[in-house]
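Shown here: model_23.cif, mmCIF, C-alpha atoms and all ligand atoms.
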```cif
data_my_file
loop_
_atom_site.label_atom_id
_atom_site.label_comp_id
_atom_site.auth_asym_id
_atom_site.auth_seq_id
_atom_site.Cartn_x
_atom_site.Cartn_y
_atom_site.Cartn_z
CA MET A 1 209.36 131.32 174.19
CA SER A 2 207.08 128.39 173.55
CA ASP A 3 209.00 125.17 173.14
CA SER A 4 206.49 122.57 174.29
CA ARG A 5 202.88 121.97 175.09
CA PRO A 6 202.17 121.44 178.78
CA PRO A 7 201.89 117.85 179.98
CA SER A 8 198.41 116.67 179.09
CA ALA A 9 196.21 114.53 181.33
CA SER A 10 198.50 115.44 184.21
CA PRO A 11 197.25 114.21 187.61
CA VAL A 12 198.04 117.70 188.90
CA GLY A 13 195.69 119.26 186.36
CA ASP A 14 193.10 116.58 187.05
CA ALA A 15 193.13 117.40 190.78
CA VAL A 16 192.40 121.03 189.94
CA ARG A 17 189.58 120.12 187.56
CA ARG A 18 187.94 118.00 190.26
CA GLY A 19 188.32 120.93 192.64
CA TYR A 20 186.64 123.27 190.14
CA ALA A 21 183.72 120.89 189.70
CA ALA A 22 183.23 120.52 193.46
CA TYR A 23 183.49 124.29 193.92
CA GLY A 24 180.86 124.82 191.23
CA ARG A 25 178.44 122.58 193.12
CA ARG A 26 179.15 124.20 196.48
CA ALA A 27 178.84 127.71 195.07
CA GLU A 28 175.58 126.94 193.30
CA ALA A 29 174.03 125.54 196.49
CA TRP A 30 175.25 128.54 198.50
CA MET A 31 173.86 131.02 195.97
CA LYS A 32 170.49 129.29 196.01
CA GLY A 33 170.24 129.80 199.77
CA TYR A 34 171.55 133.36 199.43
CA ALA A 35 168.83 134.22 196.92
CA GLU A 36 166.20 132.69 199.23
CA ARG A 37 167.45 134.99 201.99
CA GLY A 38 167.09 137.99 199.67
CA GLY A 39 170.74 138.25 198.64
CA GLN A 40 171.67 139.36 195.15
CA VAL A 41 174.66 138.41 193.02
CA HIS A 42 175.35 141.15 190.47
CA CYS A 43 177.72 139.18 188.25
CA ALA A 44 176.33 138.36 184.82
CA ALA A 45 177.43 137.25 181.38
CA GLY A 46 179.28 140.05 179.60
CA CYS A 47 180.27 141.76 182.84
CA PHE A 48 184.05 142.07 182.90
CA GLY A 49 185.07 144.98 185.15
CA CYS A 50 187.05 142.59 187.35
CA CYS A 51 189.11 141.14 184.46
CA ASN A 52 191.86 143.74 184.85
CA MET A 53 192.68 142.76 188.41
CA PRO A 54 195.95 140.95 189.20
CA ILE A 55 195.28 137.24 189.65
CA ARG A 56 197.27 134.85 191.81
CA VAL A 57 197.20 131.18 190.89
CA SER A 58 199.02 127.92 191.42
CA LEU A 59 201.03 126.40 188.60
CA ALA A 60 198.51 123.55 188.75
CA GLU A 61 195.70 125.94 187.75
CA ALA A 62 197.90 127.55 185.11
CA LEU A 63 198.41 124.11 183.55
CA VAL A 64 194.67 123.71 183.14
CA THR A 65 194.35 127.10 181.45
CA ALA A 66 197.40 126.50 179.26
CA GLU A 67 195.98 123.25 177.95
CA ALA A 68 193.01 125.19 176.58
CA LEU A 69 195.08 127.74 174.61
CA ASN A 70 195.97 127.70 170.95
CA PRO A 71 199.37 129.14 169.92
CA GLU A 72 197.95 132.57 169.12
CA GLU A 73 196.23 132.78 172.52
CA ALA A 74 199.37 131.56 174.25
CA ALA A 75 201.34 134.33 172.52
CA ARG A 76 198.87 136.95 173.77
CA VAL A 77 199.13 135.56 177.29
CA GLU A 78 202.92 135.73 177.07
CA ALA A 79 202.83 139.36 175.89
CA HIS A 80 200.59 140.14 178.88
CA ALA A 81 202.94 138.24 181.21
CA ARG A 82 205.84 140.38 180.05
CA ARG A 83 203.89 143.54 180.88
CA VAL A 84 203.16 142.04 184.31
CA ILE A 85 206.87 141.40 184.86
CA GLU A 86 207.78 144.91 183.79
CA ASN A 87 205.24 146.28 186.24
CA ALA A 88 206.61 144.06 189.03
CA ARG A 89 210.15 145.28 188.32
CA THR A 90 209.29 148.96 188.36
CA ALA A 91 206.36 149.44 190.76
CA PRO A 92 207.62 151.03 194.00
CA ASP A 93 204.95 149.41 196.18
CA GLU A 94 202.03 147.00 196.06
CA GLU A 95 199.39 149.69 195.75
CA THR A 96 201.09 151.13 192.67
CA TYR A 97 201.54 147.63 191.29
CA VAL A 98 197.80 146.93 191.51
CA GLU A 99 196.84 150.34 190.15
CA ARG A 100 199.20 150.03 187.19
CA HIS A 101 198.03 146.50 186.57
CA ARG A 102 194.46 147.65 186.24
CA PHE A 103 195.09 150.81 184.19
CA GLN A 104 198.24 150.02 182.18
CA VAL A 105 198.78 146.27 181.99
CA GLY A 106 195.07 146.15 181.36
CA TYR A 107 192.47 143.52 180.67
CA CYS A 108 193.20 139.83 180.53
CA PRO A 109 194.01 138.75 176.97
CA LEU A 110 191.52 135.89 177.33
CA LEU A 111 188.64 138.35 177.56
CA ASP A 112 186.53 138.33 174.40
CA PRO A 113 186.11 142.03 173.59
CA ALA A 114 183.08 141.41 171.38
CA SER A 115 180.95 139.67 174.00
CA GLY A 116 182.64 140.81 177.22
CA GLY A 117 182.83 137.15 178.17
CA CYS A 118 185.71 134.92 179.13
CA SER A 119 186.95 133.02 176.07
CA LYS A 120 188.30 130.26 178.35
CA TYR A 121 185.45 130.09 180.80
CA GLY A 122 185.86 126.36 181.44
CA ALA A 123 189.60 126.73 182.05
CA ARG A 124 189.62 129.99 184.01
CA PRO A 125 191.48 129.92 187.35
CA THR A 126 190.01 129.76 190.85
CA ARG A 127 190.08 133.50 191.48
CA CYS A 128 187.95 134.09 188.38
CA ARG A 129 185.48 131.50 189.65
CA ASP A 130 185.09 132.73 193.21
CA THR A 131 184.86 136.51 192.67
CA PHE A 132 181.25 137.64 192.97
CA SER A 133 179.81 141.03 193.75
CA ALA A 134 176.94 141.77 196.13
CA LEU A 135 176.68 145.32 194.74
CA PRO A 136 176.42 146.62 191.15
CA ALA A 137 179.41 146.16 188.85
CA ARG A 138 180.32 149.85 188.83
CA TYR A 139 181.93 149.26 192.22
CA CYS A 140 184.29 146.69 190.65
CA GLN A 141 185.64 149.12 188.04
CA ALA A 142 189.24 150.26 188.32
CA GLY A 143 189.33 153.65 190.02
CA ALA A 144 185.81 153.33 191.47
CA TRP A 145 186.97 153.97 195.04
CA GLU A 146 189.39 156.72 194.05
CA GLY A 147 186.65 158.43 192.06
CA MET A 148 184.22 158.62 194.99
CA THR A 149 183.68 161.72 197.04
CA ARG A 150 183.94 161.46 200.82
CA ARG A 151 180.18 161.30 201.05
CA GLU A 152 180.01 158.56 198.42
CA ARG A 153 182.63 156.57 200.30
CA GLU A 154 180.60 156.82 203.48
CA ALA A 155 177.50 155.69 201.60
CA TYR A 156 179.49 152.78 200.13
CA ARG A 157 180.65 151.71 203.58
CA ARG A 158 177.10 151.83 204.93
CA GLU A 159 175.79 149.88 201.95
CA VAL A 160 178.45 147.19 202.29
CA ALA A 161 177.92 146.92 206.05
CA ARG A 162 174.22 146.20 205.61
CA THR A 163 174.54 143.92 202.58
CA PRO A 164 174.48 140.23 203.52
CA GLY A 165 177.29 138.08 202.20
CA THR A 166 180.04 140.70 202.33
CA ASP A 167 182.83 140.79 204.89
CA GLY A 168 181.51 144.18 205.99
CA GLU A 169 184.31 146.10 204.27
CA LEU A 170 184.22 145.23 200.58
CA HIS A 171 181.31 144.44 198.30
CA PHE A 172 182.63 141.07 197.17
CA ILE A 173 180.83 138.00 198.51
CA ALA A 174 183.09 136.56 201.18
CA PRO A 175 181.58 133.06 201.64
CA LEU A 176 181.94 132.34 197.92
CA GLU A 177 185.65 133.13 198.22
CA HIS A 178 186.03 130.93 201.31
CA LEU A 179 184.28 128.05 199.56
CA SER A 180 187.14 127.89 197.03
CA GLU A 181 189.77 127.14 199.68
CA PRO A 182 189.60 123.37 198.99
CA VAL A 183 190.67 124.09 195.40
CA TRP A 184 193.82 125.87 196.58
CA GLU A 185 194.47 123.02 199.01
CA ALA A 186 193.97 120.37 196.32
CA ALA A 187 196.34 122.22 194.00
CA ALA A 188 199.00 122.53 196.71
CA LYS A 189 198.69 118.88 197.66
CA ALA A 190 198.87 117.69 194.05
CA MET A 191 201.97 119.81 193.36
CA ARG A 192 203.71 118.56 196.50
CA THR A 193 202.77 114.94 195.86
CA HIS A 194 203.63 114.75 192.18
CA TRP A 195 206.41 117.31 191.88
CA GLY A 196 207.75 118.00 195.36
CA VAL A 197 207.66 121.69 194.42
CA GLU A 198 204.89 124.22 194.86
CA ALA A 199 204.73 127.07 192.40
CA TRP A 200 202.44 130.06 192.88
CA GLY A 201 202.28 133.49 191.35
CA ASP A 202 200.83 135.60 188.62
CA PHE A 203 198.28 133.90 186.37
CA TRP A 204 199.74 134.99 183.03
CA VAL A 205 203.37 134.47 184.05
CA LEU A 206 202.72 130.93 185.26
CA THR A 207 200.53 130.08 182.27
CA THR A 208 203.40 131.18 180.03
CA LEU A 209 205.95 129.20 182.03
CA THR A 210 203.98 125.99 181.56
CA GLN A 211 204.94 126.25 177.89
CA ASN A 212 208.65 126.15 178.73
CA ARG A 213 209.74 122.51 178.63
CA THR A 214 212.94 123.09 180.61
CA PHE A 215 211.06 124.92 183.35
CA MET A 216 208.43 122.21 183.62
CA GLN A 217 211.05 119.45 183.62
CA ALA A 218 212.80 121.14 186.54
CA VAL A 219 209.50 121.49 188.42
CA ILE A 220 208.47 117.91 187.74
CA ARG A 221 211.75 116.53 189.06
CA GLY A 222 211.37 118.67 192.19
CA ASP A 223 214.21 121.08 191.44
CA ALA A 224 212.92 124.50 192.47
CA ARG A 225 216.30 126.20 192.13
CA SER A 226 216.76 125.11 188.53
CA ALA A 227 213.17 126.05 187.75
CA TRP A 228 213.83 129.56 189.09
CA ARG A 229 217.01 129.86 187.01
CA VAL A 230 215.13 128.83 183.87
CA ALA A 231 212.34 131.31 184.58
CA LYS A 232 214.93 134.01 185.16
CA ALA A 233 216.72 133.25 181.90
CA ALA A 234 213.34 133.48 180.16
CA GLY A 235 212.77 136.93 181.72
CA LEU A 236 209.81 135.64 183.76
CA ALA A 237 211.13 135.53 187.32
CA HIS A 238 210.42 138.16 189.92
CA ASN A 239 209.69 137.65 193.61
CA ALA A 240 206.39 139.51 193.33
CA VAL A 241 204.98 137.20 190.66
CA LEU A 242 206.71 133.83 191.06
CA GLU A 243 207.14 131.75 194.22
CA LEU A 244 208.81 128.34 194.08
CA THR A 245 209.03 126.39 197.32
CA GLY A 246 210.18 122.98 198.44
CA GLY A 247 211.95 120.26 196.58
CA GLU A 248 215.51 119.20 196.13
CA PRO A 249 217.03 118.16 192.82
CA SER A 250 215.70 114.68 192.22
CA ASN A 251 214.74 112.30 189.45
CA ARG A 252 211.99 110.53 191.33
CA ARG A 253 209.07 112.74 190.41
CA THR A 254 206.71 112.10 187.55
CA ALA A 255 204.14 114.30 185.83
S1 LIG A 301 182.86 140.80 190.14
FE1 LIG A 301 181.99 142.76 189.46
S2 LIG A 301 182.86 143.16 187.40
FE2 LIG A 301 183.24 140.99 187.90
S3 LIG A 301 181.50 139.91 186.92
FE3 LIG A 301 180.92 140.36 189.08
S4 LIG A 301 179.81 142.33 189.05
FE4 LIG A 301 180.91 142.10 187.08
S1 LIG A 302 190.56 134.15 182.59
FE1 LIG A 302 188.56 134.88 181.89
S2 LIG A 302 187.43 135.49 183.74
FE2 LIG A 302 189.61 135.36 184.26
S3 LIG A 302 190.43 137.45 184.01
FE3 LIG A 302 190.75 136.33 182.07
S4 LIG A 302 188.95 136.82 180.81
FE4 LIG A 302 188.43 137.35 182.94
#
```
Would you encode the structure as structure tokens?
Ligand code: SF4
Ligand code: SF4
Amino acid sequence: MSDSRPPSASPVGDAVRRGYAAYGRRAEAWMKGYAERGGQVHCAAGCFGCCNMPIRVSLAEALVTAEALNPEEAARVEAHARRVIENARTAPDEETYVERHRFQVGYCPLLDPASGGCSKYGARPTRCRDTFSALPARYCQAGAWEGMTRREREAYRREVARTPGTDGELHFIAPLEHLSEPVWEAAAKAMRTHWGVEAWGDFWVLTTLTQNRTFMQAVIRGDARSAWRVAKAAGLAHNAVLELTGGEPSNRRTA
């Protein structure tokens, strides 16, 4: 469906990049203190068990990722987006949607299978930046919880409850997620200011939509309804994976 490259040097993308840089500094400082208090972050290069989770992003973040893709990578992202849409159309509930995403839609096409690393590390979205585990990576694997016995689940709960940095229920490091909130806020503000429309949804669907010139033109002129119609015609609109809010048809917005 590709008919254009995304707008380059967009102020919306620039706002996100500044947010990523600031988050990186905040997260590094927090992790230093965490290590001094005896905390452990289990994430490491080549660890990718979380890369088959659904990922929610803003269109602003998707623009940044899209700018880093070559046509072959963009095609793989689009193929993945179409599997996401099919899952959204057919999953009877959210739990099934997430389970199918992890087991059937599968790993992110930007994962480098040879190294287990992210091939677009510098352009990965916020959720990929702020997900850290306070327990070993086996707990991040799809089906980990479902595969535990009752006793193992109780042991997991006890372990999480006594591990600093968690929210007491899951093994992910909660403060590192909270520290990324300014990135979401910066993305929302930039979209509202420059487009008059906020777009949020699935990472691969939105990254694919940035390549659609007609969709982006509608967004940039603040016309959420037209943008939705274009996404629908492209087979990439579904309430579960695309949210467009605000904006009236207008010609006053610029990229
Ligand atoms: S969140 Fe889990 S799977 Fe992802 S990098 Fe960290 S330890 Fe590995
Ligand atoms: S963008 Fe990178 S870190 Fe994020 S899910 Fe894809 S491969 Fe993993």
Problem set entry | Ref. answer, residues at most 12 Å from (194.7, 121.1, 183.0) with only C-alpha atoms, as number ranges by chain | A: 5-20, 58-69, 122-125, 187, 207, 210, 255
For this session: Quick one: residues within 12 Å of (210.7, 132.2, 184.8) (file frame), counting all atoms listed in the file, please, as a ChimeraX atom specification.
Result: /A:1,59,78,81-82,85,199-202,204-216,218-219,224-239,241-244
For this session: Write out as a VMD selection string each polymer residue (protein, DNA or RNA) that has an atom no more than 10 Å from ligand LIG 301 (chain A), with all atoms listed in the file counted.
Result: chain A and resid 41 to 53 116 to 117 128 to 142 171 to 173
Exercise. Pick from A:Trp145, A:Tyr97, A:Trp195, A:Phe103: nearest to A:Arg221, with all atoms listed in the file counted?
Worked result: A:Trp195
Exercise. Restricting the calculation to all atoms listed in the file, which member of A:Asn87, A:Thr126, A:Thr96, A:Thr149 is positioned closest to ligand LIG 302 (chain A)?
Worked result: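 Ranked by minimum distance to ligand LIG 302 (chain A), first place goes to A:Thr126.
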Exercise. Hey, can you check how far atom FE3 of ligand LIG 302 (chain A) sits from atom CA of A:Glu146?
Worked result: 23.7 Å
Exercise. Taking into account all atoms listed in the file, which residue in the set A:Ala29, A:Ile220, A:Ala144, A:Cys108 is nearest to A:Arg83?
Worked result: A:Cys108
Would you please take stretch 16-67 of chain A of the structure in the block above and write C-alpha atoms to a file as a PDB file, in the first residue's frame?
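Printed below is out07.pdb as written:
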```pdb
ATOM      1  CA  VAL A  16       9.075  12.293  20.194  1.00  0.00           C
ATOM      2  CA  ARG A  17      12.823  12.032  19.649  1.00  0.00           C
ATOM      3  CA  ARG A  18      13.431  14.645  22.346  1.00  0.00           C
ATOM      4  CA  GLY A  19      11.122  12.675  24.624  1.00  0.00           C
ATOM      5  CA  TYR A  20      13.075   9.473  23.968  1.00  0.00           C
ATOM      6  CA  ALA A  21      16.371  11.181  24.766  1.00  0.00           C
ATOM      7  CA  ALA A  22      15.019  12.627  28.019  1.00  0.00           C
ATOM      8  CA  TYR A  23      13.518   9.267  28.971  1.00  0.00           C
ATOM      9  CA  GLY A  24      16.856   7.572  28.341  1.00  0.00           C
ATOM     10  CA  ARG A  25      18.543   9.941  30.782  1.00  0.00           C
ATOM     11  CA  ARG A  26      15.848   9.560  33.426  1.00  0.00           C
ATOM     12  CA  ALA A  27      15.808   5.780  33.116  1.00  0.00           C
ATOM     13  CA  GLU A  28      19.578   5.508  33.337  1.00  0.00           C
ATOM     14  CA  ALA A  29      19.680   7.612  36.512  1.00  0.00           C
ATOM     15  CA  TRP A  30      16.837   5.582  38.047  1.00  0.00           C
ATOM     16  CA  MET A  31      18.535   2.273  37.226  1.00  0.00           C
ATOM     17  CA  LYS A  32      21.770   3.454  38.793  1.00  0.00           C
ATOM     18  CA  GLY A  33      19.972   4.113  42.079  1.00  0.00           C
ATOM     19  CA  TYR A  34      18.063   0.840  41.755  1.00  0.00           C
ATOM     20  CA  ALA A  35      21.295  -1.119  41.378  1.00  0.00           C
ATOM     21  CA  GLU A  36      22.754   0.680  44.417  1.00  0.00           C
ATOM     22  CA  ARG A  37      19.717  -0.453  46.404  1.00  0.00           C
ATOM     23  CA  GLY A  38      20.315  -4.046  45.288  1.00  0.00           C
ATOM     24  CA  GLY A  39      17.742  -4.116  42.493  1.00  0.00           C
ATOM     25  CA  GLN A  40      18.386  -6.118  39.353  1.00  0.00           C
ATOM     26  CA  VAL A  41      17.250  -5.488  35.789  1.00  0.00           C
ATOM     27  CA  HIS A  42      17.169  -8.766  33.857  1.00  0.00           C
ATOM     28  CA  CYS A  43      16.867  -7.283  30.374  1.00  0.00           C
ATOM     29  CA  ALA A  44      19.939  -7.768  28.206  1.00  0.00           C
ATOM     30  CA  ALA A  45      21.046  -7.647  24.589  1.00  0.00           C
ATOM     31  CA  GLY A  46      19.616 -10.585  22.657  1.00  0.00           C
ATOM     32  CA  CYS A  47      16.713 -11.053  25.066  1.00  0.00           C
ATOM     33  CA  PHE A  48      13.490 -10.820  23.086  1.00  0.00           C
ATOM     34  CA  GLY A  49      10.719 -12.716  24.899  1.00  0.00           C
ATOM     35  CA  CYS A  50       8.674  -9.518  25.136  1.00  0.00           C
ATOM     36  CA  CYS A  51       8.821  -8.775  21.381  1.00  0.00           C
ATOM     37  CA  ASN A  52       5.635 -10.725  20.669  1.00  0.00           C
ATOM     38  CA  MET A  53       3.476  -8.589  22.927  1.00  0.00           C
ATOM     39  CA  PRO A  54       0.906  -6.199  21.418  1.00  0.00           C
ATOM     40  CA  ILE A  55       2.282  -2.651  21.448  1.00  0.00           C
ATOM     41  CA  ARG A  56       0.249   0.539  21.648  1.00  0.00           C
ATOM     42  CA  VAL A  57       1.793   3.687  20.240  1.00  0.00           C
ATOM     43  CA  SER A  58       0.952   7.170  19.049  1.00  0.00           C
ATOM     44  CA  LEU A  59       1.116   7.992  15.359  1.00  0.00           C
ATOM     45  CA  ALA A  60       3.927  10.378  16.332  1.00  0.00           C
ATOM     46  CA  GLU A  61       6.051   7.436  17.528  1.00  0.00           C
ATOM     47  CA  ALA A  62       5.093   5.401  14.478  1.00  0.00           C
ATOM     48  CA  LEU A  63       6.415   8.215  12.276  1.00  0.00           C
ATOM     49  CA  VAL A  64       9.806   7.958  13.934  1.00  0.00           C
ATOM     50  CA  THR A  65       9.955   4.202  13.377  1.00  0.00           C
ATOM     51  CA  ALA A  66       8.684   4.496   9.803  1.00  0.00           C
ATOM     52  CA  GLU A  67      11.417   6.957   8.909  1.00  0.00           C
TER      53      GLU A  67
END
```
